[in-house]
$ cat data-v7.csv   # CSV, C-alpha atoms
chain,number,residue,atom,x,y,z
A,1,MET,CA,4.4,10.9,-11.7
A,2,ALA,CA,2.6,10.2,-8.4
A,3,LEU,CA,-1.0,11.4,-8.2
A,4,ASN,CA,-1.7,14.4,-6.0
A,5,PRO,CA,-3.5,13.3,-2.8
A,6,GLU,CA,-5.0,16.8,-2.5
A,7,PHE,CA,-7.6,15.7,-5.0
A,8,VAL,CA,-9.3,13.4,-2.5
A,9,GLY,CA,-12.7,14.8,-1.7
A,10,ARG,CA,-13.0,16.7,-5.0
A,11,THR,CA,-16.5,16.4,-6.5
A,12,TYR,CA,-17.4,17.1,-10.1
A,13,ALA,CA,-20.6,18.2,-11.8
A,14,ALA,CA,-23.5,15.7,-12.2
A,15,SER,CA,-23.7,13.9,-15.6
A,16,ALA,CA,-26.5,14.6,-18.0
A,17,PRO,CA,-29.6,12.5,-17.2
A,18,TYR,CA,-29.4,8.9,-18.4
A,19,LEU,CA,-32.8,7.6,-19.4
A,20,VAL,CA,-32.9,3.8,-18.8
A,21,GLY,CA,-34.6,2.0,-21.6
A,22,ARG,CA,-36.3,-1.4,-21.4
A,23,GLU,CA,-34.5,-2.6,-24.6
A,24,LYS,CA,-31.1,-1.4,-23.3
A,25,ILE,CA,-31.6,-3.4,-20.1
A,26,ARG,CA,-32.5,-6.5,-22.3
A,27,GLU,CA,-29.5,-5.9,-24.5
A,28,PHE,CA,-27.2,-5.6,-21.5
A,29,ALA,CA,-28.6,-8.7,-19.9
A,30,ASN,CA,-28.2,-10.6,-23.1
A,31,SER,CA,-24.6,-9.5,-23.4
A,32,ILE,CA,-23.8,-11.1,-20.0
A,33,GLY,CA,-25.9,-14.2,-21.0
A,34,ASP,CA,-28.4,-13.6,-18.1
A,35,ARG,CA,-31.9,-14.8,-18.8
A,36,ASN,CA,-33.3,-13.9,-15.4
A,37,PRO,CA,-37.0,-13.0,-16.1
A,38,ALA,CA,-36.8,-9.9,-14.0
A,39,PHE,CA,-34.4,-8.4,-16.6
A,40,HIS,CA,-36.5,-9.3,-19.7
A,41,ASP,CA,-40.2,-9.9,-18.8
A,42,VAL,CA,-42.3,-6.9,-17.7
A,43,GLU,CA,-44.9,-9.2,-16.1
A,44,ALA,CA,-42.3,-11.1,-14.2
A,45,ALA,CA,-40.7,-7.9,-12.9
A,46,ARG,CA,-44.2,-6.6,-11.9
A,47,ALA,CA,-44.8,-9.8,-10.0
A,48,LEU,CA,-41.7,-9.0,-7.9
A,49,GLY,CA,-43.1,-5.5,-7.2
A,50,TYR,CA,-41.3,-3.4,-9.8
A,51,SER,CA,-43.0,-1.1,-12.3
A,52,ASP,CA,-41.0,-2.4,-15.2
A,53,VAL,CA,-38.0,-4.7,-15.9
A,54,ILE,CA,-35.0,-4.1,-13.6
A,55,ALA,CA,-31.4,-3.9,-14.7
A,56,PRO,CA,-28.7,-6.5,-13.8
A,57,PRO,CA,-26.6,-5.4,-10.7
A,58,THR,CA,-23.6,-4.4,-12.7
A,59,PHE,CA,-25.5,-2.2,-15.2
A,60,PRO,CA,-24.9,1.0,-13.2
A,61,VAL,CA,-21.3,1.1,-14.6
A,62,VAL,CA,-22.9,2.1,-17.9
A,63,ILE,CA,-24.7,5.0,-16.2
A,64,SER,CA,-21.6,6.1,-14.3
A,65,MET,CA,-19.1,5.8,-17.1
A,66,THR,CA,-19.2,9.4,-18.4
A,67,ALA,CA,-19.2,10.9,-14.9
A,68,LEU,CA,-16.3,8.8,-13.6
A,69,ALA,CA,-14.2,9.5,-16.7
A,70,THR,CA,-14.7,13.2,-16.0
A,71,ALA,CA,-13.1,12.7,-12.6
A,72,MET,CA,-10.5,10.2,-13.5
A,73,PHE,CA,-9.2,12.0,-16.5
A,74,ASP,CA,-9.2,15.5,-15.0
A,75,PRO,CA,-6.1,16.8,-16.7
A,76,GLU,CA,-4.9,18.3,-13.4
A,77,LEU,CA,-4.9,14.9,-11.8
A,78,GLY,CA,-2.5,13.5,-14.3
A,79,LEU,CA,-3.7,9.9,-14.8
A,80,ASP,CA,-2.3,8.3,-17.9
A,81,TYR,CA,-5.0,6.4,-19.7
A,82,SER,CA,-2.6,4.0,-21.3
A,83,ARG,CA,-1.4,2.7,-17.9
A,84,VAL,CA,-4.7,2.1,-16.1
A,85,VAL,CA,-6.6,-1.1,-15.4
A,86,HIS,CA,-9.8,-1.6,-13.5
A,87,GLY,CA,-8.7,-2.9,-10.0
A,88,GLU,CA,-11.8,-3.0,-7.9
A,89,GLN,CA,-15.5,-2.4,-8.2
A,90,ARG,CA,-18.3,-2.2,-5.7
A,91,PHE,CA,-22.0,-1.3,-5.7
A,92,ASN,CA,-24.2,-0.3,-2.8
A,93,TYR,CA,-27.8,-0.4,-3.7
A,94,SER,CA,-30.9,1.4,-2.3
A,95,ARG,CA,-32.9,-0.3,-5.0
A,96,PRO,CA,-32.3,-1.8,-8.5
A,97,VAL,CA,-32.3,0.4,-11.6
A,98,VAL,CA,-35.7,0.1,-13.2
A,99,ALA,CA,-36.6,0.8,-16.9
A,100,GLY,CA,-37.9,4.4,-17.1
A,101,ASP,CA,-35.6,5.8,-14.5
A,102,SER,CA,-33.9,9.0,-15.5
A,103,LEU,CA,-30.6,9.0,-13.5
A,104,VAL,CA,-27.8,11.4,-12.8
A,105,CYS,CA,-24.3,10.5,-11.4
A,106,VAL,CA,-22.2,12.8,-9.2
A,107,PRO,CA,-18.6,11.7,-9.1
A,108,THR,CA,-16.2,12.3,-6.2
A,109,ILE,CA,-12.6,11.3,-5.8
A,110,ASP,CA,-12.8,9.1,-2.7
A,111,GLY,CA,-9.2,8.0,-2.2
A,112,ILE,CA,-5.7,8.0,-3.7
A,113,ARG,CA,-3.0,5.7,-2.5
A,114,SER,CA,0.1,3.9,-3.6
A,115,ALA,CA,0.9,0.2,-3.4
A,116,ALA,CA,3.7,-1.8,-4.9
A,117,GLY,CA,4.8,1.0,-7.2
A,118,ASN,CA,1.3,1.6,-8.5
A,119,ASP,CA,-1.1,4.5,-7.9
A,120,LEU,CA,-4.7,3.6,-7.0
A,121,ILE,CA,-7.5,6.0,-7.3
A,122,THR,CA,-11.1,5.3,-6.1
A,123,VAL,CA,-13.9,7.3,-7.6
A,124,ARG,CA,-17.3,7.2,-6.0
A,125,GLY,CA,-20.4,7.8,-8.1
A,126,GLU,CA,-23.7,8.7,-6.4
A,127,ILE,CA,-26.5,7.7,-8.8
A,128,SER,CA,-29.9,9.1,-8.1
A,129,THR,CA,-33.1,10.0,-9.9
A,130,GLU,CA,-33.5,13.5,-11.2
A,131,ALA,CA,-35.9,14.0,-8.3
A,132,GLY,CA,-33.1,13.2,-5.9
A,133,GLU,CA,-34.0,9.6,-4.8
A,134,HIS,CA,-30.8,7.6,-4.2
A,135,VAL,CA,-30.6,4.4,-6.3
A,136,VAL,CA,-27.0,3.1,-6.1
A,137,THR,CA,-23.5,4.2,-5.1
A,138,THR,CA,-20.7,2.9,-7.2
A,139,TYR,CA,-17.0,2.7,-6.2
A,140,ALA,CA,-14.5,2.2,-9.0
A,141,THR,CA,-10.8,1.7,-8.1
A,142,ILE,CA,-8.4,2.3,-11.0
A,143,VAL,CA,-4.8,1.1,-10.9
A,144,SER,CA,-2.2,3.2,-12.7
A,145,ARG,CA,0.7,0.8,-13.2
A,146,GLY,CA,4.2,1.8,-12.2
A,147,THR,CA,3.5,5.5,-11.7
A,148,ALA,CA,4.0,5.8,-7.9
A,149,GLU,CA,7.3,7.5,-6.9
A,150,GLU,CA,9.9,5.2,-5.3
A,151,ASN,CA,10.3,5.6,-1.6
B,1,MET,CA,-39.6,-7.3,-3.7
B,2,ALA,CA,-38.3,-10.2,-1.7
B,3,ALA,CA,-35.9,-13.0,-2.0
B,4,SER,CA,-37.3,-16.6,-2.3
B,5,VAL,CA,-34.6,-17.8,0.2
B,6,ARG,CA,-35.4,-17.4,3.9
B,7,TYR,CA,-32.9,-16.1,6.4
B,8,ASP,CA,-33.8,-18.8,8.8
B,9,ASP,CA,-33.1,-21.5,6.2
B,10,VAL,CA,-29.4,-20.6,5.7
B,11,GLU,CA,-26.4,-20.8,8.0
B,12,VAL,CA,-22.7,-20.0,7.7
B,13,GLY,CA,-21.3,-22.5,5.3
B,14,THR,CA,-24.5,-23.0,3.2
B,15,GLN,CA,-23.4,-23.5,-0.4
B,16,LEU,CA,-25.0,-21.7,-3.3
B,17,PRO,CA,-25.4,-23.7,-6.6
B,18,SER,CA,-22.1,-23.3,-8.5
B,19,LYS,CA,-22.1,-22.2,-12.2
B,20,SER,CA,-19.8,-22.3,-15.2
B,21,PHE,CA,-19.7,-19.4,-17.6
B,22,PRO,CA,-18.1,-20.1,-21.0
B,23,LEU,CA,-16.7,-16.9,-22.5
B,24,GLN,CA,-15.8,-16.7,-26.1
B,25,ARG,CA,-14.6,-13.8,-28.2
B,26,VAL,CA,-18.2,-13.1,-29.4
B,27,ASN,CA,-19.3,-12.7,-25.7
B,28,LEU,CA,-16.6,-10.0,-25.3
B,29,VAL,CA,-17.7,-8.2,-28.5
B,30,MET,CA,-21.3,-8.3,-27.2
B,31,TYR,CA,-20.3,-7.0,-23.8
B,32,ALA,CA,-18.2,-4.2,-25.4
B,33,GLY,CA,-21.2,-3.1,-27.5
B,34,ALA,CA,-23.8,-3.3,-24.7
B,35,SER,CA,-21.6,-1.6,-22.0
B,36,GLY,CA,-19.8,0.9,-24.2
B,37,ASP,CA,-16.4,-0.3,-23.0
B,38,PHE,CA,-14.4,-0.6,-26.3
B,39,ASN,CA,-10.9,-0.9,-24.8
B,40,ILE,CA,-8.9,-2.6,-27.5
B,41,ILE,CA,-7.4,-5.2,-25.2
B,42,HIS,CA,-10.8,-6.9,-25.0
B,43,TRP,CA,-11.1,-7.6,-28.8
B,44,ASN,CA,-7.7,-7.2,-30.5
B,45,GLU,CA,-5.0,-9.8,-30.0
B,46,ARG,CA,-2.3,-7.6,-31.6
B,47,THR,CA,-2.9,-4.8,-29.1
B,48,ALA,CA,-3.3,-7.1,-26.2
B,49,THR,CA,0.0,-8.9,-26.7
B,50,ALA,CA,1.7,-5.5,-27.5
B,51,VAL,CA,0.9,-4.3,-23.9
B,52,GLY,CA,2.2,-7.6,-22.4
B,53,LEU,CA,-0.9,-9.6,-22.0
B,54,PRO,CA,-0.8,-13.3,-23.1
B,55,ASN,CA,-3.9,-12.7,-25.3
B,56,VAL,CA,-7.2,-10.9,-25.4
B,57,ILE,CA,-8.7,-10.7,-21.9
B,58,ALA,CA,-12.3,-10.4,-20.8
B,59,HIS,CA,-13.7,-7.2,-19.3
B,60,GLY,CA,-13.3,-7.4,-15.5
B,61,MET,CA,-16.9,-6.1,-15.3
B,62,LEU,CA,-18.1,-9.1,-17.5
B,63,THR,CA,-16.4,-11.5,-15.0
B,64,MET,CA,-18.0,-9.6,-12.1
B,65,ALA,CA,-21.4,-9.8,-13.9
B,66,SER,CA,-21.0,-13.5,-14.4
B,67,ALA,CA,-20.0,-14.2,-10.8
B,68,GLY,CA,-23.0,-12.1,-9.5
B,69,ARG,CA,-25.4,-14.5,-11.3
B,70,VAL,CA,-24.6,-17.2,-8.8
B,71,VAL,CA,-26.1,-14.8,-6.2
B,72,THR,CA,-29.1,-13.4,-8.2
B,73,ASP,CA,-30.2,-16.7,-9.5
B,74,TRP,CA,-30.2,-18.1,-6.0
B,75,LEU,CA,-32.1,-15.0,-4.7
B,76,GLY,CA,-34.9,-15.2,-7.2
B,77,ASP,CA,-35.4,-11.4,-6.9
B,78,PRO,CA,-32.2,-9.7,-8.0
B,79,GLY,CA,-33.3,-6.6,-6.2
B,80,ALA,CA,-32.6,-8.3,-2.9
B,81,LEU,CA,-28.9,-7.6,-3.6
B,82,VAL,CA,-27.8,-4.8,-1.2
B,83,ASP,CA,-24.1,-4.6,-1.8
B,84,TYR,CA,-21.7,-6.3,-4.3
B,85,GLY,CA,-17.9,-5.8,-4.6
B,86,VAL,CA,-14.9,-7.5,-6.2
B,87,ARG,CA,-11.2,-7.1,-6.8
B,88,MET,CA,-10.0,-7.9,-10.3
B,89,THR,CA,-6.9,-9.9,-9.3
B,90,ARG,CA,-6.1,-11.8,-12.5
B,91,PRO,CA,-7.3,-11.3,-16.1
B,92,VAL,CA,-9.5,-14.0,-17.8
B,93,VAL,CA,-7.6,-14.8,-21.0
B,94,VAL,CA,-9.9,-15.6,-23.9
B,95,PRO,CA,-8.1,-17.3,-26.8
B,96,ASP,CA,-9.5,-17.2,-30.3
B,97,ASP,CA,-10.5,-20.8,-30.6
B,98,ASP,CA,-13.7,-22.9,-30.4
B,99,ARG,CA,-13.6,-23.1,-26.6
B,100,GLY,CA,-12.5,-19.7,-25.3
B,101,ALA,CA,-12.3,-19.4,-21.5
B,102,VAL,CA,-14.5,-20.8,-18.8
B,103,VAL,CA,-15.1,-19.0,-15.5
B,104,GLU,CA,-16.1,-21.3,-12.6
B,105,VAL,CA,-18.0,-19.6,-9.8
B,106,SER,CA,-19.1,-20.9,-6.4
B,107,GLY,CA,-20.6,-19.1,-3.5
B,108,VAL,CA,-21.1,-19.8,0.3
B,109,VAL,CA,-22.8,-18.0,3.1
B,110,GLY,CA,-19.9,-16.3,4.9
B,111,ALA,CA,-21.8,-14.5,7.7
B,112,LYS,CA,-25.3,-13.9,9.0
B,113,LEU,CA,-25.7,-10.2,9.7
B,114,ASP,CA,-28.5,-8.3,11.4
B,115,ASP,CA,-31.9,-7.2,9.8
B,116,GLY,CA,-32.2,-10.3,7.6
B,117,LEU,CA,-28.9,-9.6,5.8
B,118,VAL,CA,-26.5,-12.3,4.8
B,119,ARG,CA,-22.9,-12.0,3.3
B,120,ILE,CA,-22.1,-14.3,0.4
B,121,ASP,CA,-18.4,-15.1,-0.3
B,122,LEU,CA,-17.8,-15.9,-4.0
B,123,THR,CA,-14.9,-17.7,-5.6
B,124,ALA,CA,-14.2,-17.3,-9.3
B,125,THR,CA,-11.5,-19.2,-11.2
B,126,SER,CA,-10.4,-19.7,-14.7
B,127,GLU,CA,-7.9,-22.4,-15.8
B,128,GLY,CA,-7.7,-23.3,-12.1
B,129,GLN,CA,-6.5,-19.8,-11.0
B,130,THR,CA,-8.5,-17.3,-8.9
B,131,VAL,CA,-9.6,-14.3,-11.0
B,132,LEU,CA,-11.5,-12.3,-8.4
B,133,GLY,CA,-10.5,-11.4,-4.9
B,134,LYS,CA,-12.6,-10.4,-1.9
B,135,ALA,CA,-15.7,-11.1,-4.0
B,136,GLN,CA,-18.6,-10.5,-1.6
B,137,ALA,CA,-22.3,-9.8,-1.8
B,138,VAL,CA,-24.7,-8.7,0.9
B,139,VAL,CA,-28.2,-9.8,0.3
B,140,ARG,CA,-31.6,-9.3,2.1
B,141,LEU,CA,-33.4,-12.6,2.6
B,142,ALA,CA,-37.0,-13.2,3.3
$ encode --input "data-v7.csv" --output "structure tokens"
Amino acid sequence: MALNPEFVGRTYAASAPYLVGREKIREFANSIGDRNPAFHDVEAARALGYSDVIAPPTFPVVISMTALATAMFDPELGLDYSRVVHGEQRFNYSRPVVAGDSLVCVPTIDGIRSAAGNDLITVRGEISTEAGEHVVTTYATIVSRGTAEEN
Amino acid sequence: MAASVRYDDVEVGTQLPSKSFPLQRVNLVMYAGASGDFNIIHWNERTATAVGLPNVIAHGMLTMASAGRVVTDWLGDPGALVDYGVRMTRPVVVPDDDRGAVVEVSGVVGAKLDDGLVRIDLTATSEGQTVLGKAQAVVRLA
């Protein structure tokens, strides 16, 4: 079943605040094998001008995951989880995520298109502090294999 | 909050230091735990082959994270990254052996933009085949 293009522009409720922990940042950095001192050493991060360790650039996917899933798996949209793969990912940063941030993510369906028999859906996640300061916008494009209708 | 690389010191074609990233099953398990992405195709060969994959594959986001290190290590301050995007064009297959997979990443200055911004074009390959498409980062240099 092809996805309904009328869902483009639909915005969902903000996720519950995600409190970014220093040890979570270190754990994530270790999982990608990244020893950059800015991700591990508070003094090194402060020397760069940050209040605490900063998160690796792809860490916002962890913060956005719950919110994006709410949009992508809206039952009315009809996306089949067993058929999806992650096709594209982009981040646009106002600043890095810093330990101690309490962040919310507001998901919006940015685009729906078909290509080569697949449906592609792009969900934008606006990640900001609870006080409303923008931190990063994420764009995740998910490919639903073989679900587009034949022309 | 500033990169250690100066805008005036780079030109289109300037190469960033290349890096190799070995990925074994343990790295996929670590990434699954730290990221919360427990999709079975990233750790269970039986499931991966049942859905038509040659073997367990790395998380696309782990490949993206590895490729991004070529940029952030060069920058000094990872916070000088302004924009980073990739297409996951081919999965990185990670066999259950002593070697696993290796992702080779190189980067080059693709364009000098306004306001001290530079676009970096990244190439990521595994087993000689490109695994990321349109992998680009925009960075703010000193």
$ closest_residue --input "data-v7.csv" --among "B:Gly100, B:Pro91, B:Gly128, B:Gly76" --to "B:Leu141" --atoms "only C-alpha atoms"
B:Gly76
$ interface_residues --input "data-v7.csv" --of "chain A" --to "chain B" --cutoff "9 Å" --atoms "all atoms listed in the file" --output "NGL selection string"
:A and (24 or 27-34 or 36 or 38-39 or 45 or 47-50 or 54-59 or 61-62 or 65 or 86-97 or 139 or 141)
$ closest_residue --input "data-v7.csv" --among "A:Asp101, A:Ala71, A:Gly9, A:Leu79" --to "A:Asp52" --atoms "all atoms listed in the file"
A:Asp101
$ residues_around --input "data-v7.csv" --residues "stretch 40-43 of chain B" --least-positions-apart "6" --cutoff "6 Å" --atoms "all atoms listed in the file" --output "MDAnalysis selection string"
chainID B and resid 56:58
$ atom_distance --input "data-v7.csv" --atom1 "atom CA of A:Gly111" --atom2 "atom CA of A:Ala14"
19.1 Å
$ closest_residue --input "data-v7.csv" --among "B:Asn39, B:Ser20, B:Ser4, B:Thr47" --to "B:Glu127" --atoms "all atoms listed in the file"
B:Ser20
$ atom_distance --input "data-v7.csv" --atom1 "atom CA of B:Ser106" --atom2 "atom CA of B:Ser18"
4.4 Å
$ atom_distance --input "data-v7.csv" --atom1 "atom CA of B:Val71" --atom2 "atom CA of A:Tyr18"
26.9 Å
$ residues_around --input "data-v7.csv" --residues "stretch 119-125 of chain A" --least-positions-apart "6" --cutoff "10 Å" --atoms "all atoms listed in the file" --output "PDB file with C-alpha atoms, in the coordinates of the input"
ATOM      1  CA  MET A   1       4.400  10.900 -11.700  1.00  0.00           C
ATOM      2  CA  ALA A   2       2.600  10.200  -8.400  1.00  0.00           C
ATOM      3  CA  LEU A   3      -1.000  11.400  -8.200  1.00  0.00           C
ATOM      4  CA  PRO A   5      -3.500  13.300  -2.800  1.00  0.00           C
ATOM      5  CA  PHE A   7      -7.600  15.700  -5.000  1.00  0.00           C
ATOM      6  CA  VAL A   8      -9.300  13.400  -2.500  1.00  0.00           C
ATOM      7  CA  GLY A   9     -12.700  14.800  -1.700  1.00  0.00           C
ATOM      8  CA  ARG A  10     -13.000  16.700  -5.000  1.00  0.00           C
ATOM      9  CA  THR A  11     -16.500  16.400  -6.500  1.00  0.00           C
ATOM     10  CA  TYR A  12     -17.400  17.100 -10.100  1.00  0.00           C
ATOM     11  CA  ALA A  14     -23.500  15.700 -12.200  1.00  0.00           C
ATOM     12  CA  PRO A  60     -24.900   1.000 -13.200  1.00  0.00           C
ATOM     13  CA  VAL A  61     -21.300   1.100 -14.600  1.00  0.00           C
ATOM     14  CA  ILE A  63     -24.700   5.000 -16.200  1.00  0.00           C
ATOM     15  CA  SER A  64     -21.600   6.100 -14.300  1.00  0.00           C
ATOM     16  CA  MET A  65     -19.100   5.800 -17.100  1.00  0.00           C
ATOM     17  CA  ALA A  67     -19.200  10.900 -14.900  1.00  0.00           C
ATOM     18  CA  LEU A  68     -16.300   8.800 -13.600  1.00  0.00           C
ATOM     19  CA  ALA A  69     -14.200   9.500 -16.700  1.00  0.00           C
ATOM     20  CA  ALA A  71     -13.100  12.700 -12.600  1.00  0.00           C
ATOM     21  CA  MET A  72     -10.500  10.200 -13.500  1.00  0.00           C
ATOM     22  CA  LEU A  79      -3.700   9.900 -14.800  1.00  0.00           C
ATOM     23  CA  VAL A  84      -4.700   2.100 -16.100  1.00  0.00           C
ATOM     24  CA  VAL A  85      -6.600  -1.100 -15.400  1.00  0.00           C
ATOM     25  CA  HIS A  86      -9.800  -1.600 -13.500  1.00  0.00           C
ATOM     26  CA  GLY A  87      -8.700  -2.900 -10.000  1.00  0.00           C
ATOM     27  CA  GLU A  88     -11.800  -3.000  -7.900  1.00  0.00           C
ATOM     28  CA  GLN A  89     -15.500  -2.400  -8.200  1.00  0.00           C
ATOM     29  CA  ARG A  90     -18.300  -2.200  -5.700  1.00  0.00           C
ATOM     30  CA  PHE A  91     -22.000  -1.300  -5.700  1.00  0.00           C
ATOM     31  CA  VAL A 104     -27.800  11.400 -12.800  1.00  0.00           C
ATOM     32  CA  CYS A 105     -24.300  10.500 -11.400  1.00  0.00           C
ATOM     33  CA  VAL A 106     -22.200  12.800  -9.200  1.00  0.00           C
ATOM     34  CA  PRO A 107     -18.600  11.700  -9.100  1.00  0.00           C
ATOM     35  CA  THR A 108     -16.200  12.300  -6.200  1.00  0.00           C
ATOM     36  CA  ILE A 109     -12.600  11.300  -5.800  1.00  0.00           C
ATOM     37  CA  ASP A 110     -12.800   9.100  -2.700  1.00  0.00           C
ATOM     38  CA  GLY A 111      -9.200   8.000  -2.200  1.00  0.00           C
ATOM     39  CA  ILE A 112      -5.700   8.000  -3.700  1.00  0.00           C
ATOM     40  CA  ARG A 113      -3.000   5.700  -2.500  1.00  0.00           C
ATOM     41  CA  VAL A 136     -27.000   3.100  -6.100  1.00  0.00           C
ATOM     42  CA  THR A 137     -23.500   4.200  -5.100  1.00  0.00           C
ATOM     43  CA  THR A 138     -20.700   2.900  -7.200  1.00  0.00           C
ATOM     44  CA  TYR A 139     -17.000   2.700  -6.200  1.00  0.00           C
ATOM     45  CA  ALA A 140     -14.500   2.200  -9.000  1.00  0.00           C
ATOM     46  CA  THR A 141     -10.800   1.700  -8.100  1.00  0.00           C
ATOM     47  CA  ILE A 142      -8.400   2.300 -11.000  1.00  0.00           C
ATOM     48  CA  VAL A 143      -4.800   1.100 -10.900  1.00  0.00           C
ATOM     49  CA  SER A 144      -2.200   3.200 -12.700  1.00  0.00           C
ATOM     50  CA  ARG A 145       0.700   0.800 -13.200  1.00  0.00           C
ATOM     51  CA  GLY A 146       4.200   1.800 -12.200  1.00  0.00           C
ATOM     52  CA  THR A 147       3.500   5.500 -11.700  1.00  0.00           C
ATOM     53  CA  ALA A 148       4.000   5.800  -7.900  1.00  0.00           C
ATOM     54  CA  GLU A 149       7.300   7.500  -6.900  1.00  0.00           C
TER      55      GLU A 149
END
